[in-house]
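Remarks on the structure that follows.
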Number of protein chains: 2
Amino acid sequence: MFMRFGVLGSGIVGRSIAGKLSELDHEVAIGTRDVEALMARREPDAMGNQPFSEWSKGSPRVRTGTFADISAEAEIVINATAGASSLEALSLAGASNLSGKVLIDIANPLDFSGGMPPTLFVSNTDSLAERIQRGFPEARVVKSLNTVNARVMVEPTQIAKGEHHVFVSGDDGQSKARVSEILQSFGWKHVIDLGGLITARATEMYLPLWLALMSAAKSPMFNIKVVQDQ
Amino acid sequence: MFMRFGVLGSGIVGRSIAGKLSELDHEVAIGTRDVEALMARREPDAMGNQPFSEWSKGSPRVRTGTFADISAEAEIVINATAGASSLEALSLAGASNLSGKVLIDIANPLDFSGGMPPTLFVSNTDSLAERIQRGFPEARVVKSLNTVNARVMVEPTQIAKGEHHVFVSGDDGQSKARVSEILQSFGWKHVIDLGGLITARATEMYLPLWLALMSAAKSPMFNIKVVQDQ
């Protein structure tokens with residue numbers, strides 16, 4: 001079943017997700033604050049990623065628009081902005097454009113202001129996903145994919161033949177089921193439903209361990225597999 | 001190589017660790033605040049665990065003493081107290097009795113005062129392990145085993161044939177190497193050195209995900225395996 005997706009955020013996560021959805025023949029648009037400014041950039045970003053305009057040429061079926069325009073047209077909205085900018089980006093998208101829609105939140109509340117390793121600007125007794133849900137009560141927020149690198153998100157079978165786990169957290173069971181189907185279409189074999197959106201605290205608080213594991217593994221191409229007794 | 005261990009804490013974690021070390025022919029003592037009061041208890045605890053005196057009859061080689069006495073005699077001290085009591089228990093053990101010794105910190109900073117799920121009373125910009133290290137600067141604190149259930153700690157091969165991971169964090173490489181050897185003697189096949197003690201934040205902040213996974217799995221008998229691309 002093909003759907004219209006709006007992906008908020010033009011960084012590597014947004015591009016990866018949008019590219020994958022487009023490959024899967026969905027209709028996809030990437031949302032940004034200022035389309036002209038984004039397209040005018042000619043230099044790689046701080047991480048060495050190519051400018052968006054170049055990426056866009058290679059992905060001609062992915063349209064680009066303002067946060068508001070692409071959210072208005074979307075059936076499902078994906079928050080792939082940096083955590084620190086997410087609430088503002090969603091405000092620009094507009095509450096009415098999110099109302100009643102599944103909003104997949106991939107962002108992590110990373111705070112780089114104190115240097116490396118980053119800390120979390122919300123954690124423990126609250127989460128970014130819950131803040132988003134409170135800010136946009138009519139959206140159906142599902143937290144997912146925030147526990148893996150952008151490439152792993154869309155190519156899970158590249159690691160251990162896909163034998164590892166991704167999580168969903170959310171208060172609406174039907175929305176989690178839809179997100180799980182989308183994840184399966186990406187190649188995810190094992191989706192664990194952690195429960196209500198409060199469990200987004202758990203996956204967001206996993207980030208420090210993810211960062212420490214990336215340092216130890218010297219690669220972001222890994223994930224965790226939950227193993228049990230037989 | 002047989003060693004003298006002092007295990008602080010008479011709960012399930014302390015008993016499991018002490019029992020295992022004793023099985024492995026180490027000399028082991030469990031430390032508690034008040035030996036008489038502990039031995040006088042006749043009722044199971046809130047979790048339904050048998051009273052310590054009964055457990056103790058089944059493990060006659062594990063001695064029991066005050067925090068201070070057993071720490072003074074130990075070569076390696078293990079903090080298996082509840083996180084909220086750890087600093088006090090270590091104070092009772094006495095800084096001079098910990099000086100120069102490897103101190104394996106298994107505790108998690110769980111705060112149950114707000115009900116379930118518990119939150120952490122320290123996290124994000126600090127950790128219980130770092131607090132302990134600051135409080136006892138001459139101890140060699142190594143954080144480990146706090147990411148799994150007490151039974152998994154000492155019977156890792158019961159799950160997925162031991163193909164999963166445990167972590168060590170600490171500022172002294174030699175101490176981490178000793179702890180890794182002890183873990184291997186428990187059956188752990190894969191020990192990941194996450195780096196300095198600051199990375200204890202990562203494993204302590206994993207606890208909310210552990211709790212959510214336990215709810216999803218309906219069992220505490222699980223662990224995570226880190227899987228990478230080949």
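In the structure tokens, each chain is lettered A, B, ... as it comes, each chain's residues begin at 1, and ligands are numbered from 1 in order of appearance.
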
Within 7 Å of chain A: each chain B residue with its shortest pair, only C-alpha atoms, as a tab-separated table:
```
residue	atom	partner	partner_atom	distance
B:Thr119	CA	A:Asn124	CA	5.8
B:Leu120	CA	A:Asn124	CA	6.5
B:Asn124	CA	A:Thr119	CA	5.8
B:Thr125	CA	A:Thr119	CA	6.6
B:Gln158	CA	A:Asp229	CA	6.4
B:Ile159	CA	A:Asp229	CA	4.5
B:Ala160	CA	A:Asp229	CA	6.2
B:Leu194	CA	A:Ala212	CA	5.8
B:Thr199	CA	A:Ala212	CA	6.7
B:Ala202	CA	A:Leu209	CA	4.3
B:Thr203	CA	A:Leu209	CA	6.1
B:Met205	CA	A:Met205	CA	5.6
B:Tyr206	CA	A:Tyr206	CA	5.2
B:Pro208	CA	A:Ala202	CA	4.6
B:Leu209	CA	A:Ala202	CA	4.3
B:Ala212	CA	A:Leu194	CA	5.8
B:Leu213	CA	A:Leu194	CA	6.7
B:Ala216	CA	A:Leu194	CA	5.9
B:Met221	CA	A:Gln228	CA	6.0
B:Phe222	CA	A:Gln228	CA	4.2
B:Asn223	CA	A:Val227	CA	5.5
B:Ile224	CA	A:Val226	CA	4.5
B:Lys225	CA	A:Lys225	CA	5.0
B:Val226	CA	A:Ile224	CA	4.6
B:Val227	CA	A:Asn223	CA	5.5
B:Gln228	CA	A:Phe222	CA	4.2
B:Asp229	CA	A:Ile159	CA	4.5
```

Keeping only N, CA, C and O atoms, take the residues you just selected and write them out as an mmCIF file, in the first residue's frame.
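selection32.cif was written with the following content:
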```cif
data_model
loop_
_atom_site.group_PDB
_atom_site.id
_atom_site.type_symbol
_atom_site.label_atom_id
_atom_site.label_comp_id
_atom_site.auth_asym_id
_atom_site.auth_seq_id
_atom_site.Cartn_x
_atom_site.Cartn_y
_atom_site.Cartn_z
ATOM 1 N N THR B 119 12.739 5.662 38.164
ATOM 2 C CA THR B 119 13.624 6.573 37.433
ATOM 3 C C THR B 119 15.029 6.391 38.010
ATOM 4 O O THR B 119 15.257 5.521 38.854
ATOM 5 N N LEU B 120 15.970 7.188 37.545
ATOM 6 C CA LEU B 120 17.333 7.126 38.073
ATOM 7 C C LEU B 120 17.576 8.353 38.943
ATOM 8 O O LEU B 120 17.211 9.461 38.563
ATOM 9 N N ASN B 124 22.841 10.983 33.213
ATOM 10 C CA ASN B 124 23.080 11.947 32.143
ATOM 11 C C ASN B 124 24.417 12.686 32.266
ATOM 12 O O ASN B 124 25.282 12.505 31.441
ATOM 13 N N THR B 125 24.579 13.497 33.305
ATOM 14 C CA THR B 125 25.835 14.232 33.471
ATOM 15 C C THR B 125 26.675 13.671 34.618
ATOM 16 O O THR B 125 27.693 14.259 35.002
ATOM 17 N N GLN B 158 23.412 -19.714 30.324
ATOM 18 C CA GLN B 158 22.014 -20.136 30.292
ATOM 19 C C GLN B 158 21.241 -19.456 29.173
ATOM 20 O O GLN B 158 20.134 -19.859 28.832
ATOM 21 N N ILE B 159 21.785 -18.371 28.646
ATOM 22 C CA ILE B 159 21.097 -17.604 27.600
ATOM 23 C C ILE B 159 21.898 -17.665 26.318
ATOM 24 O O ILE B 159 23.091 -17.315 26.313
ATOM 25 N N ALA B 160 21.235 -18.095 25.238
ATOM 26 C CA ALA B 160 21.818 -18.075 23.889
ATOM 27 C C ALA B 160 23.266 -18.581 23.903
ATOM 28 O O ALA B 160 24.137 -18.010 23.240
ATOM 29 N N LEU B 194 34.162 -0.500 27.581
ATOM 30 C CA LEU B 194 33.546 0.709 27.021
ATOM 31 C C LEU B 194 34.427 1.935 27.169
ATOM 32 O O LEU B 194 34.178 2.961 26.546
ATOM 33 N N THR B 199 31.794 6.129 31.156
ATOM 34 C CA THR B 199 30.871 5.304 30.374
ATOM 35 C C THR B 199 29.928 4.478 31.251
ATOM 36 O O THR B 199 28.995 3.850 30.738
ATOM 37 N N ALA B 202 26.459 5.335 30.634
ATOM 38 C CA ALA B 202 25.784 4.649 29.528
ATOM 39 C C ALA B 202 25.102 3.372 30.006
ATOM 40 O O ALA B 202 23.948 3.113 29.672
ATOM 41 N N THR B 203 25.817 2.559 30.798
ATOM 42 C CA THR B 203 25.196 1.289 31.212
ATOM 43 C C THR B 203 24.135 1.527 32.283
ATOM 44 O O THR B 203 23.142 0.808 32.338
ATOM 45 N N MET B 205 22.214 4.204 32.341
ATOM 46 C CA MET B 205 21.072 4.770 31.613
ATOM 47 C C MET B 205 20.395 3.742 30.697
ATOM 48 O O MET B 205 19.326 4.025 30.130
ATOM 49 N N TYR B 206 21.030 2.594 30.547
ATOM 50 C CA TYR B 206 20.403 1.495 29.803
ATOM 51 C C TYR B 206 19.275 0.862 30.631
ATOM 52 O O TYR B 206 18.411 0.179 30.101
ATOM 53 N N PRO B 208 16.422 1.809 32.007
ATOM 54 C CA PRO B 208 15.033 1.943 31.539
ATOM 55 C C PRO B 208 14.728 1.031 30.340
ATOM 56 O O PRO B 208 13.636 0.451 30.279
ATOM 57 N N LEU B 209 15.675 0.874 29.435
ATOM 58 C CA LEU B 209 15.429 -0.037 28.304
ATOM 59 C C LEU B 209 15.381 -1.479 28.804
ATOM 60 O O LEU B 209 14.526 -2.264 28.376
ATOM 61 N N ALA B 212 11.974 -1.986 30.221
ATOM 62 C CA ALA B 212 10.943 -2.086 29.172
ATOM 63 C C ALA B 212 11.041 -3.426 28.453
ATOM 64 O O ALA B 212 10.017 -4.042 28.121
ATOM 65 N N LEU B 213 12.267 -3.888 28.234
ATOM 66 C CA LEU B 213 12.445 -5.189 27.573
ATOM 67 C C LEU B 213 11.967 -6.327 28.464
ATOM 68 O O LEU B 213 11.375 -7.296 27.991
ATOM 69 N N ALA B 216 8.336 -6.450 28.068
ATOM 70 C CA ALA B 216 7.949 -6.996 26.763
ATOM 71 C C ALA B 216 8.205 -8.498 26.712
ATOM 72 O O ALA B 216 7.405 -9.257 26.157
ATOM 73 N N MET B 221 15.188 -13.034 32.142
ATOM 74 C CA MET B 221 16.261 -13.899 31.638
ATOM 75 C C MET B 221 16.560 -13.573 30.177
ATOM 76 O O MET B 221 16.243 -14.356 29.261
ATOM 77 N N PHE B 222 17.165 -12.416 29.963
ATOM 78 C CA PHE B 222 17.543 -12.015 28.613
ATOM 79 C C PHE B 222 18.770 -11.126 28.724
ATOM 80 O O PHE B 222 19.167 -10.709 29.815
ATOM 81 N N ASN B 223 19.362 -10.860 27.606
ATOM 82 C CA ASN B 223 20.455 -9.890 27.543
ATOM 83 C C ASN B 223 20.554 -9.382 26.112
ATOM 84 O O ASN B 223 19.815 -9.830 25.242
ATOM 85 N N ILE B 224 21.457 -8.449 25.887
ATOM 86 C CA ILE B 224 21.657 -7.943 24.535
ATOM 87 C C ILE B 224 22.995 -8.437 23.986
ATOM 88 O O ILE B 224 23.983 -8.572 24.713
ATOM 89 N N LYS B 225 22.961 -8.712 22.699
ATOM 90 C CA LYS B 225 24.155 -9.082 21.969
ATOM 91 C C LYS B 225 24.411 -7.961 20.971
ATOM 92 O O LYS B 225 23.493 -7.532 20.263
ATOM 93 N N VAL B 226 25.632 -7.464 20.946
ATOM 94 C CA VAL B 226 25.971 -6.426 19.978
ATOM 95 C C VAL B 226 26.350 -7.131 18.682
ATOM 96 O O VAL B 226 27.255 -7.969 18.674
ATOM 97 N N VAL B 227 25.640 -6.816 17.605
ATOM 98 C CA VAL B 227 25.937 -7.432 16.308
ATOM 99 C C VAL B 227 26.430 -6.355 15.346
ATOM 100 O O VAL B 227 25.954 -5.236 15.357
ATOM 101 N N GLN B 228 27.435 -6.748 14.531
ATOM 102 C CA GLN B 228 28.065 -5.797 13.624
ATOM 103 C C GLN B 228 28.005 -6.299 12.190
ATOM 104 O O GLN B 228 27.730 -7.466 11.958
ATOM 105 N N ASP B 229 28.341 -5.402 11.253
ATOM 106 C CA ASP B 229 28.477 -5.884 9.886
ATOM 107 C C ASP B 229 29.750 -6.731 9.818
ATOM 108 O O ASP B 229 30.660 -6.595 10.640
#
```

As a PyMOL selection string, please: the residues near Gly135 (chain A) (cut-off 9 Å, only C-alpha atoms, same-chain neighbours under 4 positions excluded).
chain A and resi 87+90-91+95+130-131

Next, dump the selected residues to file, keeping only N, CA and C atoms, as an mmCIF file, in the first residue's frame.
```cif
data_model
loop_
_atom_site.group_PDB
_atom_site.id
_atom_site.type_symbol
_atom_site.label_atom_id
_atom_site.label_comp_id
_atom_site.auth_asym_id
_atom_site.auth_seq_id
_atom_site.Cartn_x
_atom_site.Cartn_y
_atom_site.Cartn_z
ATOM 1 N N LEU A 87 10.982 20.446 18.123
ATOM 2 C CA LEU A 87 9.718 21.097 18.487
ATOM 3 C C LEU A 87 9.464 22.322 17.620
ATOM 4 N N LEU A 90 8.389 21.157 14.142
ATOM 5 C CA LEU A 90 7.007 20.677 14.165
ATOM 6 C C LEU A 90 6.026 21.842 14.289
ATOM 7 N N SER A 91 6.422 22.895 15.007
ATOM 8 C CA SER A 91 5.573 24.087 15.084
ATOM 9 C C SER A 91 5.441 24.726 13.714
ATOM 10 N N ALA A 95 0.381 22.416 13.770
ATOM 11 C CA ALA A 95 -0.401 21.397 14.477
ATOM 12 C C ALA A 95 -1.533 20.859 13.617
ATOM 13 N N GLU A 130 7.682 12.359 24.297
ATOM 14 C CA GLU A 130 6.536 12.780 25.120
ATOM 15 C C GLU A 130 6.310 14.288 25.014
ATOM 16 N N ARG A 131 7.396 15.057 24.942
ATOM 17 C CA ARG A 131 7.247 16.506 24.738
ATOM 18 C C ARG A 131 6.537 16.782 23.426
#
```

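Across the model, the gap from CA of Ser113 (chain B) to CA of Val7 (chain B) is 26.0 Å.
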
I'd like to know which residues of region 5-229 of chain B are alpha helix (DSSP H) (by DSSP, run on the backbone); could you write them as a PyMOL selection string?
chain B and resi 12-23+35-40+52-58+67-73+83-93+95-98+128-135+150-154+173-186+200-205+207-217

Give me the residues near Ser180 (chain A) as a PyMOL selection string, where near means some atom within 10 Å (using only C-alpha atoms) and where sequence neighbours in that chain fewer than 3 positions away do not count.
chain A and resi 142+144+166-168+174-177+183-186+188-193

Students should find that CA of Lys143 (chain B) and CA of Val13 (chain B) are spaced 14.4 Å

List every residue of chain B that DSSP, applied to the backbone, labels as strand (DSSP E or B), and write the result as number ranges by chain.
B: 4-8, 27-32, 63-66, 76-79, 102-105, 110-111, 119-120, 140-144, 166-170, 191-195, 222-228

Can you tell me which residues surround Lys101 (chain A) at a distance of at most 12 Å, considering only C-alpha atoms, apart from same-chain residues fewer than 2 positions away, and format the answer as an MDAnalysis selection string?
chainID A and resid 4:6 71:78 95:99 103:104 133 136:142 172 174:175 178:179

Store the residues picked out above, limited to C-alpha atoms, as a CSV table (one decimal), in the first residue's frame.
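Done, and the output landed in again01.csv:
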```
chain,number,residue,atom,x,y,z
A,4,ARG,CA,2.4,9.9,1.0
A,5,PHE,CA,5.2,10.6,3.4
A,6,GLY,CA,6.5,13.9,4.6
A,71,SER,CA,3.2,18.1,6.2
A,72,ALA,CA,-0.1,19.3,4.8
A,73,GLU,CA,0.2,16.9,1.9
A,74,ALA,CA,1.5,13.9,3.9
A,75,GLU,CA,-0.5,11.0,5.3
A,76,ILE,CA,2.4,10.0,7.6
A,77,VAL,CA,5.0,12.5,8.9
A,78,ILE,CA,8.5,11.6,10.0
A,95,ALA,CA,-0.4,21.4,14.5
A,96,SER,CA,-3.3,21.2,12.1
A,97,ASN,CA,-1.1,19.6,9.4
A,98,LEU,CA,-0.2,16.9,11.9
A,99,SER,CA,-3.6,16.3,13.4
A,103,LEU,CA,4.1,11.0,13.4
A,104,ILE,CA,7.2,8.8,13.5
A,133,GLN,CA,3.1,14.3,22.0
A,136,PHE,CA,0.9,18.1,19.4
A,137,PRO,CA,-1.8,16.1,21.2
A,138,GLU,CA,-3.7,15.3,18.0
A,139,ALA,CA,-0.7,13.7,16.3
A,140,ARG,CA,-0.2,9.9,16.8
A,141,VAL,CA,3.4,9.9,17.9
A,142,VAL,CA,5.4,6.6,17.5
A,172,ASP,CA,-1.9,4.2,19.9
A,174,GLN,CA,-3.0,0.9,15.4
A,175,SER,CA,-0.3,3.6,14.7
A,178,ARG,CA,1.4,0.7,10.8
A,179,VAL,CA,4.9,1.8,11.7
```
